[in-house]
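File shown here: my_file00.cif, holding mmCIF, C-alpha atoms.
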data_run
loop_
_atom_site.label_atom_id
_atom_site.label_comp_id
_atom_site.auth_asym_id
_atom_site.auth_seq_id
_atom_site.Cartn_x
_atom_site.Cartn_y
_atom_site.Cartn_z
CA MET A 1 121.55 101.92 128.95
CA ARG A 2 118.74 104.43 128.90
CA ASN A 3 115.40 103.86 130.53
CA SER A 4 112.32 103.24 128.49
CA PHE A 5 108.80 104.13 129.58
CA THR A 6 105.58 102.17 129.50
CA VAL A 7 102.43 103.63 128.02
CA PHE A 8 99.02 102.11 128.64
CA PRO A 9 96.03 102.72 126.37
CA ILE A 10 93.33 104.74 128.15
CA GLY A 11 90.72 104.35 125.43
CA VAL A 12 90.10 103.63 121.78
CA VAL A 13 89.00 105.46 118.64
CA ALA A 14 85.78 104.20 117.06
CA ARG A 15 84.37 105.08 113.65
CA GLN A 16 80.97 104.03 112.36
CA ASP A 17 79.34 105.53 109.29
CA ASP A 18 79.82 109.26 109.71
CA SER A 19 80.30 109.16 113.48
CA ILE A 20 83.65 109.24 115.24
CA TRP A 21 84.13 108.88 118.96
CA ILE A 22 86.57 107.92 121.66
CA ASP A 23 85.57 105.40 124.30
CA ILE A 24 87.56 105.92 127.46
CA PHE A 25 88.06 102.68 129.39
CA ASP A 26 85.95 102.43 132.54
CA GLU A 27 88.86 102.68 134.96
CA TYR A 28 89.85 106.08 133.51
CA THR A 29 86.40 107.66 133.24
CA ASP A 30 86.92 109.75 136.38
CA GLY A 31 89.60 111.60 134.43
CA LEU A 32 86.92 113.20 132.25
CA LEU A 33 85.39 115.36 135.01
CA GLY A 34 85.13 118.95 133.82
CA LEU A 35 86.21 118.25 130.26
CA LYS A 36 82.82 119.48 129.03
CA GLY A 37 83.98 123.03 129.70
CA PHE A 38 86.30 122.81 126.70
CA SER A 39 85.37 122.94 123.03
CA HIS A 40 88.51 121.13 121.81
CA ILE A 41 90.94 118.45 122.99
CA ASN A 42 94.36 117.33 121.93
CA VAL A 43 94.16 113.58 121.44
CA LEU A 44 97.36 111.55 121.72
CA PHE A 45 97.18 108.14 120.16
CA TRP A 46 99.46 105.26 119.18
CA PHE A 47 100.04 104.28 115.55
CA HIS A 48 99.71 100.65 116.60
CA GLU A 49 99.79 99.27 113.07
CA ASN A 50 103.33 100.62 112.65
CA ASP A 51 104.71 99.12 115.84
CA THR A 52 107.64 97.25 114.31
CA SER A 53 111.32 97.88 114.88
CA GLU A 54 111.74 98.54 111.14
CA LYS A 55 109.13 101.32 111.05
CA ARG A 56 110.35 102.80 114.31
CA ALA A 57 113.82 103.07 112.79
CA VAL A 58 112.63 105.35 109.95
CA LEU A 59 114.06 108.84 110.49
CA GLN A 60 113.41 110.57 107.16
CA VAL A 61 110.36 110.59 104.89
CA HIS A 62 108.82 112.52 102.04
CA PRO A 63 106.04 114.45 103.83
CA ARG A 64 102.51 113.32 103.00
CA ARG A 65 104.06 110.41 101.09
CA ASP A 66 104.56 112.78 98.17
CA GLU A 67 107.92 112.25 96.47
CA GLN A 68 107.73 115.85 95.29
CA ASN A 69 108.09 117.01 98.88
CA PRO A 70 111.70 117.20 100.08
CA LEU A 71 113.12 114.35 102.15
CA THR A 72 112.52 115.52 105.71
CA GLY A 73 113.35 114.28 109.19
CA VAL A 74 110.35 112.72 110.91
CA PHE A 75 110.53 115.34 113.68
CA GLY A 76 109.86 117.95 110.98
CA THR A 77 106.72 116.09 109.88
CA HIS A 78 103.62 114.47 111.35
CA SER A 79 104.62 111.12 109.86
CA PRO A 80 102.96 108.02 111.38
CA VAL A 81 106.32 106.24 111.25
CA ARG A 82 108.71 107.68 113.82
CA PRO A 83 110.74 106.39 116.78
CA ASN A 84 107.83 106.76 119.22
CA LEU A 85 104.56 106.12 117.42
CA ILE A 86 102.62 108.96 118.99
CA GLY A 87 99.99 110.79 116.97
CA LEU A 88 98.66 114.18 118.05
CA THR A 89 95.48 115.75 116.72
CA ARG A 90 93.37 118.60 117.93
CA CYS A 91 89.72 117.54 117.84
CA LYS A 92 86.47 119.40 118.28
CA ILE A 93 84.21 117.86 120.92
CA LEU A 94 80.63 117.32 119.80
CA SER A 95 79.38 115.70 123.02
CA ILE A 96 80.53 113.81 126.10
CA GLU A 97 78.23 111.18 127.61
CA GLY A 98 79.63 108.92 130.30
CA ASN A 99 82.90 107.50 128.99
CA ARG A 100 82.22 108.46 125.35
CA ILE A 101 83.63 111.58 123.70
CA VAL A 102 82.04 112.19 120.31
CA ILE A 103 84.39 114.23 118.11
CA GLU A 104 84.11 115.94 114.77
CA ASP A 105 87.11 114.29 113.16
CA ILE A 106 90.45 112.61 113.77
CA ASP A 107 93.14 111.24 111.45
CA ALA A 108 93.19 107.86 113.20
CA LEU A 109 91.74 104.52 112.19
CA ASP A 110 88.94 102.66 113.94
CA GLY A 111 90.51 100.72 116.80
CA THR A 112 93.44 103.07 117.33
CA PRO A 113 94.59 103.09 120.98
CA VAL A 114 94.27 106.47 122.70
CA ILE A 115 97.05 107.19 125.19
CA ASP A 116 96.18 110.65 126.50
CA ILE A 117 93.59 113.41 126.23
CA LYS A 118 94.58 116.99 127.00
CA CYS A 119 92.20 119.91 127.10
CA TYR A 120 93.06 122.41 124.39
CA ILE A 121 94.06 125.87 125.59
CA PRO A 122 94.84 128.34 122.77
CA HIS A 123 98.29 129.88 122.52
CA SER A 124 98.33 133.52 123.37
CA GLY A 125 99.46 135.98 120.74
CA ALA A 126 101.54 133.72 118.52
CA GLY A 127 99.56 133.63 115.27
CA SER A 128 101.42 135.76 112.78
CA GLU A 129 104.95 134.86 113.90
CA VAL A 130 104.50 131.22 113.00
CA ARG A 131 106.65 130.09 110.08
CA VAL A 132 106.42 126.81 108.16
CA PRO A 133 108.28 125.44 105.11
CA GLU A 134 106.91 125.68 101.61
CA TRP A 135 105.75 122.04 101.43
CA VAL A 136 103.23 122.61 104.23
CA MET B 1 94.81 91.91 128.97
CA ARG B 2 95.50 95.02 126.92
CA ASN B 3 98.77 95.72 125.20
CA SER B 4 101.10 98.34 126.51
CA PHE B 5 103.58 100.29 124.39
CA THR B 6 107.23 101.08 124.89
CA VAL B 7 108.51 104.63 124.55
CA PHE B 8 112.21 105.41 124.21
CA PRO B 9 113.69 108.82 124.99
CA ILE B 10 115.00 110.53 121.86
CA GLY B 11 116.68 113.40 123.69
CA VAL B 12 116.81 115.45 126.84
CA VAL B 13 115.93 118.94 128.05
CA ALA B 14 118.86 121.01 129.34
CA ARG B 15 118.71 124.29 131.22
CA GLN B 16 121.69 126.43 132.13
CA ASP B 17 121.46 130.00 133.34
CA ASP B 18 118.96 131.62 130.97
CA SER B 19 119.45 129.12 128.16
CA ILE B 20 117.18 126.19 127.42
CA TRP B 21 117.81 123.58 124.78
CA ILE B 22 117.03 120.04 123.73
CA ASP B 23 119.86 117.67 122.87
CA ILE B 24 118.67 114.98 120.50
CA PHE B 25 120.60 111.74 120.94
CA ASP B 26 123.08 111.03 118.13
CA GLU B 27 121.18 108.08 116.70
CA TYR B 28 118.10 110.27 116.12
CA THR B 29 119.81 113.37 114.70
CA ASP B 30 118.84 112.45 111.11
CA GLY B 31 115.24 113.04 112.19
CA LEU B 32 115.94 116.79 112.40
CA LEU B 33 116.47 117.32 108.66
CA GLY B 34 114.31 120.20 107.48
CA LEU B 35 113.12 121.23 110.93
CA LYS B 36 114.78 124.62 110.46
CA GLY B 37 111.93 125.59 108.14
CA PHE B 38 109.61 125.81 111.14
CA SER B 39 109.48 128.53 113.77
CA HIS B 40 107.82 126.37 116.45
CA ILE B 41 107.73 122.73 117.57
CA ASN B 42 105.49 120.69 119.77
CA VAL B 43 107.73 118.96 122.28
CA LEU B 44 106.48 115.76 123.90
CA PHE B 45 108.30 114.80 127.05
CA TRP B 46 107.99 112.37 129.94
CA PHE B 47 107.33 113.55 133.51
CA HIS B 48 109.97 111.08 134.70
CA GLU B 49 109.94 112.27 138.30
CA ASN B 50 106.29 111.21 138.59
CA ASP B 51 106.77 107.71 137.24
CA THR B 52 105.26 105.80 140.14
CA SER B 53 102.14 103.67 140.13
CA GLU B 54 100.64 105.97 142.80
CA LYS B 55 101.01 109.13 140.72
CA ARG B 56 99.90 107.38 137.56
CA ALA B 57 96.69 106.37 139.35
CA VAL B 58 95.69 109.99 140.04
CA LEU B 59 92.64 110.85 137.91
CA GLN B 60 91.43 114.12 139.43
CA VAL B 61 93.29 117.24 140.55
CA HIS B 62 92.78 120.88 141.36
CA PRO B 63 94.20 122.60 138.24
CA ARG B 64 97.46 124.48 138.78
CA ARG B 65 97.54 123.02 142.30
CA ASP B 66 95.13 125.76 143.36
CA GLU B 67 92.45 124.46 145.71
CA GLN B 68 90.22 127.30 144.55
CA ASN B 69 90.04 125.70 141.12
CA PRO B 70 87.35 123.01 140.85
CA LEU B 71 88.35 119.35 141.16
CA THR B 72 88.89 118.34 137.53
CA GLY B 73 89.72 115.13 135.68
CA VAL B 74 93.34 115.02 134.58
CA PHE B 75 92.27 114.82 130.92
CA GLY B 76 90.68 118.25 131.39
CA THR B 77 93.99 119.66 132.66
CA HIS B 78 97.68 119.69 131.75
CA SER B 79 98.55 118.05 135.08
CA PRO B 80 101.98 116.39 135.31
CA VAL B 81 100.37 113.48 137.14
CA ARG B 82 98.22 111.40 134.79
CA PRO B 83 98.01 107.78 133.63
CA ASN B 84 100.58 108.30 130.86
CA LEU B 85 103.12 110.89 131.96
CA ILE B 86 103.30 112.75 128.67
CA GLY B 87 103.84 116.50 128.66
CA LEU B 88 103.14 118.59 125.57
CA THR B 89 104.43 122.12 125.05
CA ARG B 90 104.66 124.29 122.00
CA CYS B 91 108.12 125.87 121.89
CA LYS B 92 109.66 128.60 119.79
CA ILE B 93 112.90 127.53 118.10
CA LEU B 94 115.79 129.96 118.54
CA SER B 95 118.40 127.92 116.65
CA ILE B 96 119.26 124.40 115.54
CA GLU B 97 122.91 123.40 115.36
CA GLY B 98 123.73 119.74 114.83
CA ASN B 99 121.74 117.77 117.37
CA ARG B 100 120.91 120.78 119.57
CA ILE B 101 117.62 122.69 119.39
CA VAL B 102 117.77 125.91 121.38
CA ILE B 103 114.28 126.96 122.45
CA GLU B 104 112.77 130.00 124.04
CA ASP B 105 111.05 128.23 126.91
CA ILE B 106 109.56 124.96 128.10
CA ASP B 107 107.79 123.94 131.30
CA ALA B 108 110.08 120.97 131.88
CA LEU B 109 112.98 120.49 134.28
CA ASP B 110 116.63 120.06 133.36
CA GLY B 111 117.14 116.38 132.54
CA THR B 112 113.58 115.71 131.40
CA PRO B 113 113.45 112.96 128.74
CA VAL B 114 112.08 114.11 125.39
CA ILE B 115 110.03 111.45 123.60
CA ASP B 116 108.97 113.19 120.38
CA ILE B 117 109.30 116.43 118.47
CA LYS B 118 106.62 117.47 116.01
CA CYS B 119 106.78 120.48 113.74
CA TYR B 120 104.05 122.96 114.64
CA ILE B 121 101.51 123.67 111.91
CA PRO B 122 98.87 126.23 112.92
CA HIS B 123 95.22 125.22 112.98
CA SER B 124 93.22 126.77 110.20
CA GLY B 125 90.34 129.01 111.09
CA ALA B 126 89.54 127.80 114.59
CA GLY B 127 90.45 130.76 116.80
CA SER B 128 87.24 132.34 117.91
CA GLU B 129 85.23 129.14 118.34
CA VAL B 130 87.54 127.82 121.05
CA ARG B 131 85.89 127.60 124.48
CA VAL B 132 87.57 126.97 127.84
CA PRO B 133 86.25 126.83 131.42
CA GLU B 134 86.44 129.78 133.76
CA TRP B 135 89.46 128.46 135.73
CA VAL B 136 91.68 128.67 132.66
#
Show me the file's structure as structure tokens.
Amino acid sequence: MRNSFTVFPIGVVARQDDSIWIDIFDEYTDGLLGLKGFSHINVLFWFHENDTSEKRAVLQVHPRRDEQNPLTGVFGTHSPVRPNLIGLTRCKILSIEGNRIVIEDIDALDGTPVIDIKCYIPHSGAGSEVRVPEWV
Amino acid sequence: MRNSFTVFPIGVVARQDDSIWIDIFDEYTDGLLGLKGFSHINVLFWFHENDTSEKRAVLQVHPRRDEQNPLTGVFGTHSPVRPNLIGLTRCKILSIEGNRIVIEDIDALDGTPVIDIKCYIPHSGAGSEVRVPEWV
């Protein structure tokens, strides 16, 4: 029997009109010190609306829900149904005030639990070698 | 009381001599279909050796364990101690055979549980606007 791990939400995505922000819960606010030095963050969140054993058992999908795209393993996609319901999006920071990070955009619904924030550090010298399949 | 979420390992990092690979557990191998079309993956893993309530309570560190770097919130670092012990590394794929993904490098120990694999799709047009603090 393998171990499982427990993830706690550290904040939540909020959307209102054209504004999008992340509110970090009070007990985690100290973790934001120095984040203002970065222009971008990687936001890890939990696709909480898909948290059923059926959806977590899905291993192959048509990317972007387009039947014209080839059936692909979820690890070769950014599908929101996958064994561990972790979403990952790089976001541009517009401002940070207290426990609130205002961001330019994120592909997550209002109320989505945030599980980690990581400062974004660009990859050195990889650009042109990157290869992706035709459907991308 | 907030919900917590359960994460299951989908594979494991292995290192031997100069080789590094990820073995995906048999029941998740179908999730690899089509991954060969990508040159790089984002690997999400669990810092299992730090899974104590003490280490998960750490919110500020000196980046890269260098006291000369300013005390920084863990969300502004890639610290392996943080509330949710998720590591994220972009890896170059060398080969995929069956359930084994051979990669060029990863900053994770032999035996580290892998919790998700996401195909890497480059960000469009962001390069020069990215800003990072001096310690990076």
After a least-squares superposition on chain B using every in-order C-alpha pair, I'd like chain A written out as a compact mmCIF listing (two decimals) with C-alpha atoms, in the frame of the given file.
# COMPACT_ATOMS: atom_id res chain seq x y z
CA MET A 1 94.79 91.92 128.89
CA ARG A 2 95.50 95.03 126.89
CA ASN A 3 98.79 95.72 125.21
CA SER A 4 101.13 98.35 126.52
CA PHE A 5 103.59 100.29 124.40
CA THR A 6 107.24 101.10 124.89
CA VAL A 7 108.52 104.64 124.55
CA PHE A 8 112.21 105.41 124.20
CA PRO A 9 113.71 108.81 125.01
CA ILE A 10 115.01 110.53 121.87
CA GLY A 11 116.70 113.40 123.68
CA VAL A 12 116.82 115.44 126.85
CA VAL A 13 115.94 118.94 128.04
CA ALA A 14 118.86 121.01 129.33
CA ARG A 15 118.71 124.30 131.22
CA GLN A 16 121.71 126.43 132.11
CA ASP A 17 121.45 130.01 133.33
CA ASP A 18 118.97 131.62 130.96
CA SER A 19 119.46 129.11 128.14
CA ILE A 20 117.18 126.19 127.42
CA TRP A 21 117.81 123.56 124.79
CA ILE A 22 117.04 120.04 123.73
CA ASP A 23 119.86 117.67 122.87
CA ILE A 24 118.68 114.98 120.50
CA PHE A 25 120.60 111.73 120.94
CA ASP A 26 123.07 111.02 118.14
CA GLU A 27 121.17 108.07 116.71
CA TYR A 28 118.09 110.26 116.11
CA THR A 29 119.80 113.34 114.68
CA ASP A 30 118.84 112.43 111.11
CA GLY A 31 115.25 113.04 112.17
CA LEU A 32 115.94 116.77 112.40
CA LEU A 33 116.46 117.32 108.65
CA GLY A 34 114.30 120.21 107.48
CA LEU A 35 113.11 121.22 110.92
CA LYS A 36 114.77 124.62 110.46
CA GLY A 37 111.93 125.58 108.15
CA PHE A 38 109.60 125.82 111.14
CA SER A 39 109.47 128.54 113.77
CA HIS A 40 107.81 126.37 116.44
CA ILE A 41 107.74 122.73 117.57
CA ASN A 42 105.50 120.70 119.78
CA VAL A 43 107.75 118.95 122.28
CA LEU A 44 106.50 115.75 123.90
CA PHE A 45 108.30 114.80 127.06
CA TRP A 46 108.00 112.38 129.97
CA PHE A 47 107.34 113.56 133.53
CA HIS A 48 109.95 111.08 134.71
CA GLU A 49 109.95 112.27 138.31
CA ASN A 50 106.30 111.21 138.62
CA ASP A 51 106.78 107.71 137.26
CA THR A 52 105.26 105.80 140.17
CA SER A 53 102.14 103.67 140.14
CA GLU A 54 100.62 105.95 142.81
CA LYS A 55 101.01 109.12 140.73
CA ARG A 56 99.89 107.38 137.56
CA ALA A 57 96.70 106.38 139.35
CA VAL A 58 95.68 110.01 140.04
CA LEU A 59 92.63 110.86 137.91
CA GLN A 60 91.41 114.14 139.41
CA VAL A 61 93.30 117.24 140.54
CA HIS A 62 92.76 120.88 141.36
CA PRO A 63 94.19 122.59 138.24
CA ARG A 64 97.43 124.49 138.79
CA ARG A 65 97.52 123.01 142.30
CA ASP A 66 95.11 125.75 143.36
CA GLU A 67 92.43 124.45 145.73
CA GLN A 68 90.22 127.30 144.55
CA ASN A 69 90.02 125.69 141.13
CA PRO A 70 87.35 122.99 140.84
CA LEU A 71 88.35 119.34 141.14
CA THR A 72 88.90 118.32 137.53
CA GLY A 73 89.72 115.13 135.67
CA VAL A 74 93.35 115.01 134.56
CA PHE A 75 92.26 114.81 130.91
CA GLY A 76 90.68 118.25 131.40
CA THR A 77 93.99 119.66 132.66
CA HIS A 78 97.67 119.70 131.77
CA SER A 79 98.54 118.06 135.08
CA PRO A 80 101.98 116.38 135.30
CA VAL A 81 100.37 113.47 137.15
CA ARG A 82 98.21 111.42 134.80
CA PRO A 83 98.01 107.79 133.63
CA ASN A 84 100.59 108.31 130.87
CA LEU A 85 103.13 110.89 131.96
CA ILE A 86 103.32 112.75 128.68
CA GLY A 87 103.87 116.50 128.66
CA LEU A 88 103.15 118.60 125.58
CA THR A 89 104.43 122.13 125.05
CA ARG A 90 104.67 124.30 122.00
CA CYS A 91 108.12 125.88 121.90
CA LYS A 92 109.67 128.60 119.79
CA ILE A 93 112.90 127.53 118.10
CA LEU A 94 115.77 129.96 118.53
CA SER A 95 118.39 127.92 116.65
CA ILE A 96 119.26 124.40 115.54
CA GLU A 97 122.92 123.38 115.37
CA GLY A 98 123.73 119.72 114.84
CA ASN A 99 121.72 117.74 117.39
CA ARG A 100 120.91 120.78 119.57
CA ILE A 101 117.63 122.68 119.38
CA VAL A 102 117.79 125.91 121.37
CA ILE A 103 114.29 126.96 122.45
CA GLU A 104 112.79 130.02 124.04
CA ASP A 105 111.07 128.24 126.91
CA ILE A 106 109.57 124.97 128.10
CA ASP A 107 107.78 123.94 131.30
CA ALA A 108 110.09 120.97 131.87
CA LEU A 109 112.97 120.49 134.27
CA ASP A 110 116.62 120.07 133.35
CA GLY A 111 117.14 116.40 132.54
CA THR A 112 113.59 115.72 131.40
CA PRO A 113 113.46 112.96 128.75
CA VAL A 114 112.10 114.10 125.38
CA ILE A 115 110.04 111.45 123.60
CA ASP A 116 108.97 113.19 120.39
CA ILE A 117 109.31 116.44 118.47
CA LYS A 118 106.61 117.46 116.01
CA CYS A 119 106.78 120.47 113.75
CA TYR A 120 104.06 122.95 114.64
CA ILE A 121 101.51 123.66 111.92
CA PRO A 122 98.84 126.23 112.90
CA HIS A 123 95.19 125.23 112.96
CA SER A 124 93.21 126.80 110.20
CA GLY A 125 90.32 129.06 111.11
CA ALA A 126 89.55 127.82 114.61
CA GLY A 127 90.45 130.79 116.81
CA SER A 128 87.22 132.35 117.95
CA GLU A 129 85.23 129.12 118.34
CA VAL A 130 87.52 127.82 121.04
CA ARG A 131 85.88 127.59 124.46
CA VAL A 132 87.57 126.95 127.81
CA PRO A 133 86.27 126.83 131.41
CA GLU A 134 86.45 129.77 133.74
CA TRP A 135 89.45 128.48 135.72
CA VAL A 136 91.68 128.67 132.64
For this session: Could you expand the PyMOL selection byres ((chain B) within 8 of (chain A)) into the explicit residues it covers here, written as a PyMOL selection string?
Result: chain B and resi 2-10+28+30-35+37-40+59-60+71-78+83-84+86+115-122+127+129-133+136
Excluding Gly111 (chain B) and residues on its chain fewer than 5 positions from it, collect all residues at most 8 Å away from it, counting all atoms listed in the file, and give them as a short mmCIF file (atom, residue, chain, number, x, y, z; two decimals) with C-alpha atoms, in the coordinates of the input.
data_model
loop_
_atom_site.label_atom_id
_atom_site.label_comp_id
_atom_site.auth_asym_id
_atom_site.auth_seq_id
_atom_site.Cartn_x
_atom_site.Cartn_y
_atom_site.Cartn_z
CA VAL B 12 116.81 115.45 126.84
CA VAL B 13 115.93 118.94 128.05
CA ALA B 14 118.86 121.01 129.34
#
For this session: Would you list the contacts of Ile96 (chain A) as a ChimeraX atom specification, taking every protein, DNA or RNA residue within 10 Å and counting all atoms listed in the file, but skipping same-chain residues closer than 3 positions in sequence?
Result: /A:21-23,32,35-36,93,99-103
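Reported to one decimal place, the separation of CA of Pro80 (chain B) from CA of Phe25 (chain B) is 24.0 Å.
One distance worth recording is that between CA of Arg15 (chain A) and CA of Ser95 (chain A), which is 15.0 Å.
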For this session: Rounded to one decimal place, report the CA of Ile20 (chain B)-CA of Leu94 (chain B) distance in Å.
Result: 9.7 Å
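Distance annotation: of A:Lys55, A:Thr89, A:Ile24, A:Asn50, the residue with the minimal separation from Asp105 (chain A) is A:Thr89; atom set is all atoms listed in the file.
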